[in-house]
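A.B. asks: Sharing a structure, written as structure tokens. Questions coming.
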Amino acid sequence: MKEELSVAYLHMLASATGLTTGRWSQDYDVRDVTLKSSVEYPDLADAGIDVQLKCTGQESVDRPDTIAWSVSARTLNKLRKTNRATPYLLCVLVTQSEPDVWLHPNMDGLLARSHMYYEWGHKFPALKVGNATQIVHLPKSNLLTPASLLELMEEASTWRPH
């Protein structure tokens, strides 16, 4: 249920910006959704972002300035890759633990009692030697909104594999 909520949340934001979304049926490359823009950027005809989505109702991830998320060594190594055509973005949707309060429809619209935070995968530190998992931090200032999503896509348009 949480996976579907995170996908729906991202789709709503993307549709509000005119971005297209593609969903992957397998998660072998830690890629749940690919976002694409049809805008022609100065350096690139079309930009894209591969997104790894997570969702949690655990209060333990909520820190004063960040969301602390544990990732496996395999996932971290994939997220950090820079020799790829599009950058990876990790997005964590933080919501309540009980599904019956996730969404609240009323006459004004649909209230989603959730926040999605993001960080570029290549900004995460390397895995500490001997660790099977590592905590990564997504700044709370990195709140995913339609405006920040467009800024991320513009940044992705300048991405070049290294």
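To be explicit about the labels: the chains of the structure tokens are called A, B, and onward in the order shown, and within each one the residues are counted from 1, while ligands get numbers from 1 in the order they are shown.
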In range 25-150 of chain A, what's strand (DSSP E or B) per DSSP? Answer as a PyMOL selection string?
C.D. replies: chain A and resi 33-37+41+44+47-56+62+66-72+88-95+103-106+109-112+114-120+133-139+143
A.B. asks: Name the residues in contact with range 133-135 of chain A at a cut-off of 12 Å, using only C-alpha atoms, excluding same-chain residues fewer than 4 positions from it; report them as a list in words.
C.D. replies: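 Everything that qualifies: Val61, Thr66, Ile67, Ala68, Trp69, Ser70, Val71, Ser72, Ala73, Arg74, Thr75, Leu76, Asn77, Phe124, Pro125, Ala126, Leu127, Lys128 and Val129 of chain A.
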A.B. asks: Using only C-alpha atoms, find the one residue out of A:Glu3, A:Glu119, A:Glu155, A:Glu59 that sits nearest to Lys140 in chain A.
C.D. replies: A:Glu119
A.B. asks: Calculated over only C-alpha atoms, which of the candidates A:Leu89, A:Ala14, A:Met1, A:Val7 has the smallest distance to Ala147 in chain A?
C.D. replies: A:Ala14
